[in-house]
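Coordinates from structure_23.cif are shown below (mmCIF, N, CA and C atoms).
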data_structure
loop_
_atom_site.label_atom_id
_atom_site.label_comp_id
_atom_site.auth_asym_id
_atom_site.auth_seq_id
_atom_site.Cartn_x
_atom_site.Cartn_y
_atom_site.Cartn_z
N MET G 874 11.13 109.03 260.31
CA MET G 874 9.89 108.27 260.29
C MET G 874 9.82 107.28 259.15
N GLU G 875 10.57 107.55 258.07
CA GLU G 875 10.55 106.63 256.94
C GLU G 875 11.04 105.25 257.34
N SER G 876 11.98 105.21 258.30
CA SER G 876 12.52 103.91 258.72
C SER G 876 11.44 103.04 259.34
N LEU G 877 10.48 103.65 260.01
CA LEU G 877 9.37 102.88 260.59
C LEU G 877 8.51 102.26 259.48
N LEU G 878 8.30 103.03 258.42
CA LEU G 878 7.52 102.51 257.30
C LEU G 878 8.27 101.38 256.61
N TYR G 879 9.57 101.55 256.42
CA TYR G 879 10.36 100.49 255.79
C TYR G 879 10.36 99.23 256.66
N LEU G 880 10.45 99.40 257.97
CA LEU G 880 10.41 98.25 258.87
C LEU G 880 9.05 97.55 258.78
N ALA G 881 7.99 98.33 258.77
CA ALA G 881 6.64 97.74 258.65
C ALA G 881 6.50 96.98 257.34
N ALA G 882 6.99 97.54 256.25
CA ALA G 882 6.92 96.87 254.95
C ALA G 882 7.74 95.59 254.97
N PHE G 883 8.92 95.64 255.56
CA PHE G 883 9.76 94.45 255.65
C PHE G 883 9.06 93.35 256.44
N LEU G 884 8.48 93.71 257.58
CA LEU G 884 7.78 92.71 258.39
C LEU G 884 6.59 92.12 257.64
N LEU G 885 5.90 92.94 256.88
CA LEU G 885 4.78 92.44 256.08
C LEU G 885 5.26 91.49 254.99
N MET G 886 6.41 91.77 254.41
CA MET G 886 6.98 90.86 253.41
C MET G 886 7.37 89.54 254.06
N VAL G 887 7.94 89.60 255.26
CA VAL G 887 8.32 88.38 255.98
C VAL G 887 7.07 87.54 256.29
N VAL G 888 6.02 88.21 256.76
CA VAL G 888 4.77 87.50 257.06
C VAL G 888 4.21 86.87 255.78
N SER G 889 4.27 87.58 254.69
CA SER G 889 3.75 87.08 253.42
C SER G 889 4.49 85.82 252.96
N ILE G 890 5.80 85.89 252.99
CA ILE G 890 6.61 84.73 252.57
C ILE G 890 6.39 83.55 253.51
N ALA G 891 6.36 83.83 254.81
CA ALA G 891 6.14 82.76 255.79
C ALA G 891 4.75 82.14 255.60
N HIS G 892 3.76 82.97 255.35
CA HIS G 892 2.39 82.48 255.15
C HIS G 892 2.33 81.51 253.98
N SER G 893 2.92 81.88 252.86
CA SER G 893 2.89 81.00 251.69
C SER G 893 3.69 79.73 251.93
N TYR G 894 4.90 79.87 252.44
CA TYR G 894 5.75 78.70 252.63
C TYR G 894 5.18 77.75 253.68
N LEU G 895 4.87 78.28 254.84
CA LEU G 895 4.38 77.42 255.93
C LEU G 895 2.99 76.86 255.62
N GLY G 896 2.15 77.66 254.97
CA GLY G 896 0.83 77.17 254.59
C GLY G 896 0.92 76.02 253.61
N GLU G 897 1.81 76.17 252.64
CA GLU G 897 2.00 75.10 251.65
C GLU G 897 2.55 73.85 252.31
N ARG G 898 3.53 74.04 253.18
CA ARG G 898 4.22 72.90 253.79
C ARG G 898 3.38 72.17 254.84
N PHE G 899 2.68 72.93 255.69
CA PHE G 899 2.03 72.30 256.83
C PHE G 899 0.50 72.24 256.74
N ILE G 900 -0.12 73.00 255.87
CA ILE G 900 -1.58 72.98 255.80
C ILE G 900 -2.05 72.40 254.47
N LEU G 901 -1.68 73.05 253.37
CA LEU G 901 -2.21 72.62 252.08
C LEU G 901 -1.75 71.21 251.71
N SER G 902 -0.46 70.92 251.88
CA SER G 902 0.04 69.59 251.49
C SER G 902 -0.65 68.49 252.29
N ARG G 903 -0.92 68.75 253.56
CA ARG G 903 -1.60 67.74 254.38
C ARG G 903 -3.08 67.65 254.04
N LEU G 904 -3.68 68.79 253.77
CA LEU G 904 -5.09 68.81 253.40
C LEU G 904 -5.32 68.06 252.09
N PHE G 905 -4.42 68.24 251.14
CA PHE G 905 -4.60 67.64 249.82
C PHE G 905 -4.37 66.13 249.82
N LYS G 906 -3.83 65.58 250.89
CA LYS G 906 -3.68 64.13 250.99
C LYS G 906 -4.99 63.45 251.37
N ARG G 907 -5.94 64.23 251.84
CA ARG G 907 -7.23 63.67 252.24
C ARG G 907 -8.00 63.21 251.01
N ASP G 908 -8.82 62.22 251.18
CA ASP G 908 -9.59 61.71 250.05
C ASP G 908 -11.06 62.14 250.09
N ASN G 909 -11.37 63.06 251.01
CA ASN G 909 -12.77 63.47 251.12
C ASN G 909 -12.98 64.96 250.82
N LEU G 910 -12.12 65.53 249.99
CA LEU G 910 -12.33 66.92 249.56
C LEU G 910 -13.52 66.97 248.60
N PRO G 911 -14.25 68.07 248.60
CA PRO G 911 -15.38 68.18 247.68
C PRO G 911 -14.92 68.05 246.22
N LYS G 912 -15.70 67.35 245.44
CA LYS G 912 -15.41 67.18 244.02
C LYS G 912 -16.26 68.20 243.25
N ILE G 913 -15.60 69.26 242.84
CA ILE G 913 -16.27 70.33 242.10
C ILE G 913 -15.85 70.22 240.64
N LEU G 914 -16.79 70.32 239.75
CA LEU G 914 -16.56 70.16 238.31
C LEU G 914 -15.99 68.77 237.99
N GLY G 915 -16.42 67.78 238.76
CA GLY G 915 -16.10 66.39 238.44
C GLY G 915 -14.93 65.77 239.17
N SER G 916 -14.09 66.59 239.81
CA SER G 916 -12.97 66.01 240.55
C SER G 916 -12.57 66.97 241.66
N ASP G 917 -11.65 66.52 242.50
CA ASP G 917 -11.17 67.40 243.55
C ASP G 917 -10.01 68.29 243.07
N ASP G 918 -9.61 68.16 241.81
CA ASP G 918 -8.53 68.97 241.27
C ASP G 918 -8.87 70.46 241.31
N PHE G 919 -10.09 70.81 240.90
CA PHE G 919 -10.51 72.22 240.93
C PHE G 919 -10.51 72.74 242.36
N THR G 920 -10.97 71.93 243.29
CA THR G 920 -10.99 72.31 244.70
C THR G 920 -9.57 72.59 245.20
N LYS G 921 -8.65 71.70 244.89
CA LYS G 921 -7.26 71.87 245.33
C LYS G 921 -6.63 73.10 244.70
N ARG G 922 -6.85 73.30 243.42
CA ARG G 922 -6.27 74.47 242.74
C ARG G 922 -6.84 75.76 243.31
N THR G 923 -8.15 75.77 243.58
CA THR G 923 -8.78 76.97 244.12
C THR G 923 -8.24 77.27 245.52
N LEU G 924 -8.15 76.26 246.36
CA LEU G 924 -7.61 76.48 247.70
C LEU G 924 -6.17 76.97 247.65
N ARG G 925 -5.38 76.40 246.75
CA ARG G 925 -3.98 76.78 246.65
C ARG G 925 -3.83 78.23 246.18
N PHE G 926 -4.51 78.59 245.08
CA PHE G 926 -4.30 79.96 244.61
C PHE G 926 -4.94 80.98 245.55
N ALA G 927 -6.04 80.63 246.20
CA ALA G 927 -6.64 81.56 247.15
C ALA G 927 -5.72 81.78 248.35
N TRP G 928 -5.09 80.71 248.81
CA TRP G 928 -4.14 80.82 249.93
C TRP G 928 -3.01 81.76 249.57
N HIS G 929 -2.43 81.56 248.41
CA HIS G 929 -1.27 82.35 248.03
C HIS G 929 -1.63 83.77 247.61
N LEU G 930 -2.85 84.00 247.15
CA LEU G 930 -3.26 85.36 246.82
C LEU G 930 -3.31 86.25 248.06
N THR G 931 -3.55 85.66 249.22
CA THR G 931 -3.47 86.42 250.46
C THR G 931 -2.06 86.98 250.62
N SER G 932 -1.07 86.15 250.37
CA SER G 932 0.32 86.59 250.46
C SER G 932 0.63 87.66 249.42
N VAL G 933 0.11 87.50 248.22
CA VAL G 933 0.33 88.50 247.16
C VAL G 933 -0.29 89.84 247.58
N ALA G 934 -1.48 89.79 248.16
CA ALA G 934 -2.13 91.03 248.62
C ALA G 934 -1.28 91.72 249.69
N TRP G 935 -0.71 90.94 250.60
CA TRP G 935 0.15 91.52 251.63
C TRP G 935 1.40 92.14 251.03
N LEU G 936 1.95 91.51 249.98
CA LEU G 936 3.10 92.10 249.31
C LEU G 936 2.72 93.43 248.65
N GLY G 937 1.53 93.48 248.07
CA GLY G 937 1.05 94.73 247.49
C GLY G 937 0.89 95.81 248.55
N LEU G 938 0.38 95.44 249.71
CA LEU G 938 0.27 96.42 250.80
C LEU G 938 1.65 96.86 251.29
N ALA G 939 2.60 95.94 251.31
CA ALA G 939 3.97 96.32 251.67
C ALA G 939 4.50 97.35 250.67
N GLY G 940 4.19 97.16 249.39
CA GLY G 940 4.59 98.12 248.38
C GLY G 940 3.97 99.49 248.61
N ILE G 941 2.73 99.52 249.03
CA ILE G 941 2.08 100.80 249.33
C ILE G 941 2.73 101.45 250.54
N ILE G 942 3.09 100.66 251.54
CA ILE G 942 3.78 101.21 252.71
C ILE G 942 5.12 101.82 252.31
N VAL G 943 5.86 101.13 251.44
CA VAL G 943 7.12 101.69 250.94
C VAL G 943 6.85 102.98 250.18
N ALA G 944 5.79 103.01 249.38
CA ALA G 944 5.44 104.22 248.63
C ALA G 944 5.16 105.39 249.57
N LEU G 945 4.55 105.10 250.72
CA LEU G 945 4.28 106.17 251.69
C LEU G 945 5.55 106.85 252.17
N ALA G 946 6.65 106.11 252.17
CA ALA G 946 7.93 106.65 252.64
C ALA G 946 8.64 107.48 251.57
N GLN G 947 8.12 107.49 250.36
CA GLN G 947 8.77 108.19 249.26
C GLN G 947 8.31 109.65 249.19
N PRO G 948 9.25 110.55 248.92
CA PRO G 948 8.87 111.97 248.82
C PRO G 948 7.95 112.23 247.62
N GLU G 949 8.06 111.43 246.56
CA GLU G 949 7.22 111.63 245.38
C GLU G 949 5.94 110.81 245.44
N PHE G 950 5.55 110.43 246.66
CA PHE G 950 4.33 109.65 246.86
C PHE G 950 3.15 110.33 246.18
N GLY G 951 2.42 109.55 245.39
CA GLY G 951 1.27 110.12 244.72
C GLY G 951 0.30 109.07 244.25
N LYS G 952 -0.77 109.55 243.71
CA LYS G 952 -1.87 108.72 243.24
C LYS G 952 -1.40 107.70 242.19
N GLN G 953 -0.57 108.13 241.27
CA GLN G 953 -0.14 107.23 240.20
C GLN G 953 0.73 106.09 240.73
N LEU G 954 1.60 106.38 241.69
CA LEU G 954 2.45 105.33 242.26
C LEU G 954 1.60 104.28 242.97
N VAL G 955 0.64 104.74 243.76
CA VAL G 955 -0.26 103.80 244.45
C VAL G 955 -1.07 103.02 243.43
N GLY G 956 -1.54 103.69 242.39
CA GLY G 956 -2.29 103.00 241.34
C GLY G 956 -1.47 101.92 240.66
N GLN G 957 -0.21 102.21 240.40
CA GLN G 957 0.67 101.20 239.78
C GLN G 957 0.83 99.99 240.69
N ILE G 958 1.04 100.22 241.97
CA ILE G 958 1.23 99.11 242.92
C ILE G 958 -0.04 98.26 242.99
N ILE G 959 -1.19 98.91 243.08
CA ILE G 959 -2.45 98.18 243.14
C ILE G 959 -2.69 97.42 241.84
N ALA G 960 -2.43 98.05 240.71
CA ALA G 960 -2.63 97.39 239.42
C ALA G 960 -1.70 96.18 239.28
N ILE G 961 -0.46 96.30 239.69
CA ILE G 961 0.47 95.16 239.64
C ILE G 961 -0.03 94.04 240.55
N THR G 962 -0.47 94.41 241.74
CA THR G 962 -0.96 93.40 242.69
C THR G 962 -2.15 92.64 242.10
N PHE G 963 -3.09 93.36 241.51
CA PHE G 963 -4.25 92.68 240.95
C PHE G 963 -3.95 92.03 239.61
N GLY G 964 -2.93 92.50 238.92
CA GLY G 964 -2.46 91.80 237.73
C GLY G 964 -1.93 90.43 238.09
N VAL G 965 -1.21 90.34 239.21
CA VAL G 965 -0.74 89.03 239.69
C VAL G 965 -1.93 88.18 240.11
N HIS G 966 -2.91 88.79 240.77
CA HIS G 966 -4.13 88.05 241.12
C HIS G 966 -4.79 87.49 239.85
N PHE G 967 -4.91 88.33 238.84
CA PHE G 967 -5.50 87.93 237.56
C PHE G 967 -4.79 86.72 236.98
N LEU G 968 -3.48 86.80 236.86
CA LEU G 968 -2.71 85.69 236.28
C LEU G 968 -2.78 84.43 237.13
N THR G 969 -2.70 84.60 238.44
CA THR G 969 -2.76 83.45 239.33
C THR G 969 -4.10 82.74 239.23
N ALA G 970 -5.18 83.51 239.23
CA ALA G 970 -6.51 82.90 239.13
C ALA G 970 -6.73 82.26 237.77
N LEU G 971 -6.29 82.93 236.72
CA LEU G 971 -6.46 82.40 235.37
C LEU G 971 -5.68 81.11 235.18
N LEU G 972 -4.39 81.16 235.49
CA LEU G 972 -3.53 80.00 235.26
C LEU G 972 -3.75 78.91 236.32
N GLY G 973 -3.95 79.34 237.57
CA GLY G 973 -4.13 78.38 238.66
C GLY G 973 -5.38 77.55 238.53
N SER G 974 -6.41 78.13 237.95
CA SER G 974 -7.67 77.40 237.79
C SER G 974 -7.89 76.92 236.37
N LYS G 975 -6.92 77.18 235.51
CA LYS G 975 -7.06 76.88 234.08
C LYS G 975 -8.30 77.57 233.50
N GLY G 976 -8.56 78.77 234.01
CA GLY G 976 -9.68 79.58 233.52
C GLY G 976 -11.04 79.21 234.06
N LYS G 977 -11.11 78.19 234.92
CA LYS G 977 -12.41 77.73 235.41
C LYS G 977 -12.96 78.57 236.55
N HIS G 978 -12.10 79.16 237.37
CA HIS G 978 -12.55 80.03 238.46
C HIS G 978 -12.67 81.43 237.88
N LEU G 979 -13.87 81.92 237.80
CA LEU G 979 -14.14 83.15 237.05
C LEU G 979 -13.65 84.43 237.73
N SER G 980 -13.01 84.32 238.87
CA SER G 980 -12.47 85.51 239.52
C SER G 980 -11.43 86.20 238.64
N TRP G 981 -10.80 85.46 237.74
CA TRP G 981 -9.79 86.07 236.88
C TRP G 981 -10.38 87.20 236.04
N ILE G 982 -11.66 87.09 235.69
CA ILE G 982 -12.30 88.14 234.90
C ILE G 982 -12.36 89.43 235.73
N LEU G 983 -12.80 89.30 236.97
CA LEU G 983 -12.90 90.48 237.84
C LEU G 983 -11.53 91.05 238.17
N PHE G 984 -10.56 90.19 238.46
CA PHE G 984 -9.21 90.67 238.76
C PHE G 984 -8.61 91.40 237.55
N GLY G 985 -8.86 90.89 236.37
CA GLY G 985 -8.39 91.56 235.16
C GLY G 985 -9.06 92.92 234.98
N ALA G 986 -10.36 92.96 235.21
CA ALA G 986 -11.09 94.23 235.10
C ALA G 986 -10.60 95.24 236.13
N ILE G 987 -10.37 94.79 237.35
CA ILE G 987 -9.86 95.68 238.40
C ILE G 987 -8.51 96.24 238.00
N THR G 988 -7.64 95.41 237.46
CA THR G 988 -6.32 95.85 237.02
C THR G 988 -6.44 96.97 236.01
N VAL G 989 -7.26 96.77 234.99
CA VAL G 989 -7.43 97.78 233.94
C VAL G 989 -8.07 99.05 234.49
N LEU G 990 -9.13 98.89 235.28
CA LEU G 990 -9.83 100.05 235.81
C LEU G 990 -8.95 100.90 236.72
N VAL G 991 -8.12 100.24 237.55
CA VAL G 991 -7.20 101.00 238.42
C VAL G 991 -6.16 101.74 237.58
N LEU G 992 -5.63 101.08 236.58
CA LEU G 992 -4.64 101.74 235.71
C LEU G 992 -5.24 102.96 235.02
N VAL G 993 -6.41 102.78 234.44
CA VAL G 993 -7.07 103.89 233.74
C VAL G 993 -7.44 104.99 234.73
N GLY G 994 -8.01 104.61 235.85
CA GLY G 994 -8.43 105.59 236.85
C GLY G 994 -7.28 106.36 237.47
N ALA G 995 -6.16 105.71 237.67
CA ALA G 995 -5.01 106.36 238.31
C ALA G 995 -4.26 107.29 237.37
N PHE G 996 -4.39 107.06 236.08
CA PHE G 996 -3.61 107.84 235.12
C PHE G 996 -4.47 108.80 234.30
N THR G 997 -5.71 109.04 234.71
CA THR G 997 -6.54 110.01 234.01
C THR G 997 -6.91 111.15 234.91
#

Can you dump the structure from the file as C-alpha cells?
Amino acid sequence: MESLLYLAAFLLMVVSIAHSYLGERFILSRLFKRDNLPKILGSDDFTKRTLRFAWHLTSVAWLGLAGIIVALAQPEFGKQLVGQIIAITFGVHFLTALLGSKGKHLSWILFGAITVLVLVGAFT
C-alpha cells in the first residue's frame, strides 16, 4: 500500500511543478503585460508581486501535502514528522510572502506565527 501513497505524492509534486511553470508561462506573464491592473500602494508592482507569490504558494502548499502523504507511508509516522512538514511548508510561505512583497503584504506575519506555533505545538 505504501507504493500507492508514493505514487499519489509523486503525482502531487508533478501537478505542483506544472502549476507553477505553466501558470508563470501562460497566465501570469500574459496578465502582467496588461496596463490596466489595479494600482495598489501607488503602482501595479504590489499587485503583480502579490499575484505571483499567491500563485506559487498554492504549489508550495501542494508540495507540503505531498510531504505529508510520503510521511503516511513511513513506519515511524507521527505527530512530530507531520509538524515538521507543516512548519517547513509555512516557513516557505513566510519567506515567500515577506520577500515577494518586500514586507508590504502582511500575510508574512501570520505565516511566521503559524510556523512557530506548529513547531512548538508539535514538539511539546

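Residue nearest G:Tyr879 within the list G:Ala944, G:Ile959, G:Ile913, G:Val965: G:Ala944 [criterion: smallest interatomic distance, only C-alpha atoms].
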
Between atom N of G:Arg907 and atom C of G:Arg922, what distance in Å does the model show, to one decimal?
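Computing the Euclidean distance for atom N of G:Arg907 and atom C of G:Arg922 yields 14.4 Å.
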
Applying the PyMOL selection byres ((chain G and resi 889-901) around 7) to the file I just gave you, which residues come out? Please list them as a PyMOL selection string.
chain G and resi 884-888+902-906+928-929+931-933+935-936

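The protein and nucleic acid residues lying at most 8 Å from G:Thr923 are Asp917, Asp918, Phe919, Ala927, Trp928, His929, Gly973, Ser974 and His978 of chain G, with all atoms listed in the file considered and sequence neighbours fewer than 4 positions away removed.
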
How far is it from atom CA of G:Leu971 to atom CA of G:Val943, in Å with one decimal?
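Atom-to-atom, atom CA of G:Leu971 and atom CA of G:Val943 are spaced 28.3 Å apart.
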
Length of the atom C of G:Val989 to atom CA of G:Ile961 vector [Å]
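Between atom C of G:Val989 and atom CA of G:Ile961 the gap is 10.7 Å.
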
Using only C-alpha atoms: which of G:Gly994, G:Leu930, G:Gly964, G:Ile958 has the shortest distance to G:Leu945
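Nearest candidate to G:Leu945 out of G:Gly994, G:Leu930, G:Gly964, G:Ile958: G:Ile958.
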
For G:Leu992: contacts at 12 Å, only C-alpha atoms, fewer than 4 positions along chain excluded, given as a ChimeraX atom specification:
/G:952-964,985-988,996-997
